>>> print(open('upload-v4.pdb').read())   # PDB, C-alpha atoms
ATOM      1  CA  MET A   1     150.396  84.323 119.439
ATOM      2  CA  ASN A   2     150.473  81.133 121.426
ATOM      3  CA  ASN A   3     146.754  81.471 122.088
ATOM      4  CA  LYS A   4     146.027  81.661 118.312
ATOM      5  CA  ASN A   5     148.039  78.475 117.736
ATOM      6  CA  ASN A   6     146.080  76.697 120.448
ATOM      7  CA  ILE A   7     142.773  77.748 118.865
ATOM      8  CA  TRP A   8     144.019  76.667 115.429
ATOM      9  CA  ASN A   9     145.153  73.290 116.807
ATOM     10  CA  LEU A  10     141.788  72.855 118.511
ATOM     11  CA  LYS A  11     139.991  73.592 115.223
ATOM     12  CA  LYS A  12     142.171  71.064 113.365
ATOM     13  CA  TYR A  13     141.389  68.373 115.935
ATOM     14  CA  LEU A  14     137.686  69.237 115.836
ATOM     15  CA  ILE A  15     137.642  68.982 112.025
ATOM     16  CA  LEU A  16     139.554  65.697 112.179
ATOM     17  CA  PHE A  17     137.120  64.366 114.795
ATOM     18  CA  ILE A  18     134.089  65.321 112.662
ATOM     19  CA  CYS A  19     135.665  63.696 109.582
ATOM     20  CA  LEU A  20     136.307  60.493 111.515
ATOM     21  CA  ILE A  21     132.712  60.396 112.732
ATOM     22  CA  LEU A  22     131.418  60.945 109.187
ATOM     23  CA  PHE A  23     133.782  58.294 107.839
ATOM     24  CA  TYR A  24     132.559  55.848 110.471
ATOM     25  CA  ALA A  25     128.893  56.693 109.854
ATOM     26  CA  ILE A  26     129.179  56.266 106.097
ATOM     27  CA  PHE A  27     131.561  53.358 105.616
ATOM     28  CA  ILE A  28     130.740  51.232 108.633
ATOM     29  CA  THR A  29     126.960  51.261 108.075
ATOM     30  CA  ILE A  30     127.043  50.584 104.309
ATOM     31  CA  PRO A  31     127.601  46.811 104.694
ATOM     32  CA  VAL A  32     124.572  46.623 106.998
ATOM     33  CA  PHE A  33     122.314  48.089 104.325
ATOM     34  CA  ALA A  34     123.974  46.155 101.511
ATOM     35  CA  SER A  35     123.429  42.828 103.254
ATOM     36  CA  GLU A  36     119.654  43.257 103.396
ATOM     37  CA  PRO A  37     118.218  41.477 100.339
ATOM     38  CA  LEU A  38     115.718  43.231  98.128
ATOM     39  CA  THR A  39     112.254  41.726  98.619
ATOM     40  CA  LEU A  40     109.987  41.798  95.585
ATOM     41  CA  ARG A  41     106.257  41.155  95.813
ATOM     42  CA  VAL A  42     105.181  39.206  92.736
ATOM     43  CA  GLY A  43     101.610  38.567  91.618
ATOM     44  CA  ALA A  44     100.647  34.899  91.314
ATOM     45  CA  TYR A  45      97.464  33.542  89.774
ATOM     46  CA  GLU A  46      96.192  30.318  88.252
ATOM     47  CA  ASN A  47      97.202  29.930  84.603
ATOM     48  CA  SER A  48      98.749  26.478  84.255
ATOM     49  CA  PRO A  49     101.313  25.603  83.009
ATOM     50  CA  LYS A  50     102.713  29.137  83.064
ATOM     51  CA  ILE A  51     101.940  29.876  86.741
ATOM     52  CA  PHE A  52      99.868  27.818  89.171
ATOM     53  CA  THR A  53      99.627  26.219  92.611
ATOM     54  CA  ASP A  54     101.270  22.791  92.797
ATOM     55  CA  ASP A  55     100.109  19.848  94.963
ATOM     56  CA  LYS A  56     102.097  21.190  97.938
ATOM     57  CA  GLY A  57     100.583  24.688  97.706
ATOM     58  CA  ASN A  58     103.712  26.267  96.202
ATOM     59  CA  VAL A  59     103.855  28.653  93.280
ATOM     60  CA  SER A  60     105.018  26.627  90.279
ATOM     61  CA  GLY A  61     105.297  26.864  86.544
ATOM     62  CA  PHE A  62     107.340  28.464  83.828
ATOM     63  CA  TRP A  63     107.218  32.031  85.194
ATOM     64  CA  PRO A  64     108.045  31.197  88.817
ATOM     65  CA  ASP A  65     111.014  29.137  87.590
ATOM     66  CA  ILE A  66     112.375  32.123  85.661
ATOM     67  CA  ILE A  67     111.674  34.647  88.432
ATOM     68  CA  ASN A  68     113.177  32.417  91.134
ATOM     69  CA  TYR A  69     116.287  31.830  88.991
ATOM     70  CA  ILE A  70     116.832  35.562  88.438
ATOM     71  CA  ALA A  71     116.180  36.232  92.140
ATOM     72  CA  SER A  72     118.808  33.661  93.151
ATOM     73  CA  LYS A  73     121.386  35.291  90.849
ATOM     74  CA  GLU A  74     120.553  38.833  92.021
ATOM     75  CA  GLY A  75     120.174  38.047  95.729
ATOM     76  CA  TRP A  76     116.490  38.983  95.821
ATOM     77  CA  GLN A  77     113.810  37.548  98.081
ATOM     78  CA  ILE A  78     110.479  36.790  96.391
ATOM     79  CA  GLU A  79     107.163  37.176  98.171
ATOM     80  CA  TRP A  80     104.407  35.595  96.086
ATOM     81  CA  VAL A  81     101.049  37.365  96.380
ATOM     82  CA  TRP A  82      98.062  35.244  95.314
ATOM     83  CA  CYS A  83      95.238  36.985  93.481
ATOM     84  CA  ILE A  84      93.038  36.500  90.460
ATOM     85  CA  TRP A  85      94.259  38.138  87.245
ATOM     86  CA  LEU A  86      92.281  41.376  87.461
ATOM     87  CA  GLN A  87      93.021  41.750  91.190
ATOM     88  CA  CYS A  88      96.722  41.252  90.459
ATOM     89  CA  MET A  89      96.606  44.034  87.867
ATOM     90  CA  ASP A  90      94.870  46.295  90.413
ATOM     91  CA  LYS A  91      97.560  45.436  92.975
ATOM     92  CA  LEU A  92     100.249  46.319  90.428
ATOM     93  CA  GLU A  93      98.499  49.612  89.689
ATOM     94  CA  ASN A  94      98.248  50.395  93.424
ATOM     95  CA  LYS A  95     101.884  49.380  94.085
ATOM     96  CA  GLU A  96     100.797  46.492  96.337
ATOM     97  CA  ILE A  97     102.963  44.192  94.195
ATOM     98  CA  ASP A  98     106.202  45.000  92.375
ATOM     99  CA  LEU A  99     106.104  42.517  89.488
ATOM    100  CA  MET A 100     103.399  40.798  87.493
ATOM    101  CA  PRO A 101     104.463  37.974  85.187
ATOM    102  CA  ASP A 102     102.888  37.229  81.827
ATOM    103  CA  VAL A 103     101.302  40.606  81.110
ATOM    104  CA  GLY A 104     100.716  41.164  77.421
ATOM    105  CA  PHE A 105     102.145  44.352  75.948
ATOM    106  CA  THR A 106      99.703  47.082  74.944
ATOM    107  CA  GLU A 107     100.323  50.782  74.314
ATOM    108  CA  PRO A 108      98.207  51.904  77.310
ATOM    109  CA  ARG A 109     100.036  49.464  79.597
ATOM    110  CA  SER A 110     103.409  50.623  78.290
ATOM    111  CA  LYS A 111     102.623  54.118  79.589
ATOM    112  CA  LYS A 112     102.075  52.753  83.127
ATOM    113  CA  TYR A 113     104.448  49.802  83.449
ATOM    114  CA  ALA A 114     108.011  48.890  82.537
ATOM    115  CA  PHE A 115     108.134  45.822  80.307
ATOM    116  CA  SER A 116     111.172  43.592  79.893
ATOM    117  CA  ARG A 117     113.228  44.222  76.778
ATOM    118  CA  GLU A 118     113.475  40.540  75.944
ATOM    119  CA  ILE A 119     110.472  38.468  74.946
ATOM    120  CA  VAL A 120     110.497  35.435  77.188
ATOM    121  CA  LEU A 121     107.402  33.650  75.961
ATOM    122  CA  VAL A 122     104.921  34.266  73.204
ATOM    123  CA  SER A 123     101.626  33.535  74.888
ATOM    124  CA  TRP A 124      98.918  31.424  73.425
ATOM    125  CA  SER A 125      95.172  31.553  73.592
ATOM    126  CA  ARG A 126      92.462  28.967  73.292
ATOM    127  CA  LEU A 127      89.123  29.254  71.657
ATOM    128  CA  TYR A 128      86.213  27.196  72.932
ATOM    129  CA  ALA A 129      83.025  26.733  70.942
ATOM    130  CA  ARG A 130      79.881  24.678  71.393
ATOM    131  CA  LYS A 131      79.957  21.187  69.860
ATOM    132  CA  ASP A 132      77.210  22.109  67.413
ATOM    133  CA  SER A 133      79.145  25.204  66.261
ATOM    134  CA  ASP A 134      80.326  25.646  62.679
ATOM    135  CA  ILE A 135      83.476  27.497  63.799
ATOM    136  CA  GLU A 136      86.579  25.788  62.434
ATOM    137  CA  THR A 137      89.036  28.628  61.750
ATOM    138  CA  ILE A 138      89.621  32.142  63.017
ATOM    139  CA  LEU A 139      87.886  33.468  59.907
ATOM    140  CA  ASP A 140      84.647  31.861  61.100
ATOM    141  CA  LEU A 141      84.584  34.286  64.057
ATOM    142  CA  GLU A 142      83.469  37.207  61.922
ATOM    143  CA  ASP A 143      80.220  38.717  63.277
ATOM    144  CA  LYS A 144      80.275  36.334  66.281
ATOM    145  CA  LYS A 145      80.141  37.287  69.964
ATOM    146  CA  ILE A 146      83.384  36.393  71.729
ATOM    147  CA  GLY A 147      83.981  36.245  75.479
ATOM    148  CA  ALA A 148      87.354  37.146  76.977
ATOM    149  CA  LEU A 149      88.964  37.409  80.392
ATOM    150  CA  VAL A 150      88.591  40.982  81.659
ATOM    151  CA  GLY A 151      91.914  42.811  81.819
ATOM    152  CA  SER A 152      93.866  40.195  79.885
TER
END
>>> encode(input="upload-v4.pdb", output="C-alpha cells")
Amino acid sequence: MNNKNNIWNLKKYLILFICLILFYAIFITIPVFASEPLTLRVGAYENSPKIFTDDKGNVSGFWPDIINYIASKEGWQIEWVWCIWLQCMDKLENKEIDLMPDVGFTEPRSKKYAFSREIVLVSWSRLYARKDSDIETILDLEDKKIGALVGS
C-alpha cells in the first residue's frame, strides 16, 4: 500500500511540475511577444498634396499624417514603400505591402481588398485640355478620347 501512495505522490508532483512549466512558458513569454510593435508596410507614391516626398525626402501629405497618427495611437511601426501607383497596386496584390492609401472603391477591388468603413476624403480629379479646345464642361466630353492613369 505504501508503494502505491509513493507512486501517486510522484504522479502528483510530476503533474504539478508540468503545470508549472506550462504556466511559465505561456505567461512569462506573452509580454515578450506583446512588446514587439506591429510593422505595417504602406505604399507611397507621388500625388501631392495627398501623399508625396517633401524637401527632406520624407513621406508627407494628408494620408501620411492620418496613417502616422493612427500608428502612434495603436503602437504600430510604419515602413513606407515607394513605388508608382500601378506598382503599388501590384505590391498590394502580391502582399509586398499591407496598406495602400487613397484607393478608390470599385466592386472588383472590394472583392480583393478590405476598405475602411469611414470615408476619409472624397478624391478629386483634374481634366486637362489643349488651349484651342472647345471643352468647357463635362458634357463637352461626349464622343471625345480621354486619357487616364492606368489602375486608378
>>> atom_distance(input="upload-v4.pdb", atom1="CA of Val122 in chain A", atom2="CA of Pro49 in chain A")
13.6 Å
>>> resolve_selection(input="upload-v4.pdb", expression="the PyMOL selection byres ((chain A and resi 80) around 12)", output="MDAnalysis selection string")
chainID A and resid 39:45 51:53 57:60 63:64 67:68 77:79 81:83 88 96:101
>>> atom_distance(input="upload-v4.pdb", atom1="CA of Ser72 in chain A", atom2="CA of Val103 in chain A")
22.4 Å
>>> atom_distance(input="upload-v4.pdb", atom1="CA of Ala148 in chain A", atom2="CA of Leu127 in chain A")
9.7 Å
>>> residues_near_point(input="upload-v4.pdb", point="(120.0, 42.0, 98.8)", cutoff="8 Å", atoms="only C-alpha atoms", output="PyMOL selection string")
chain A and resi 34-39+74-77
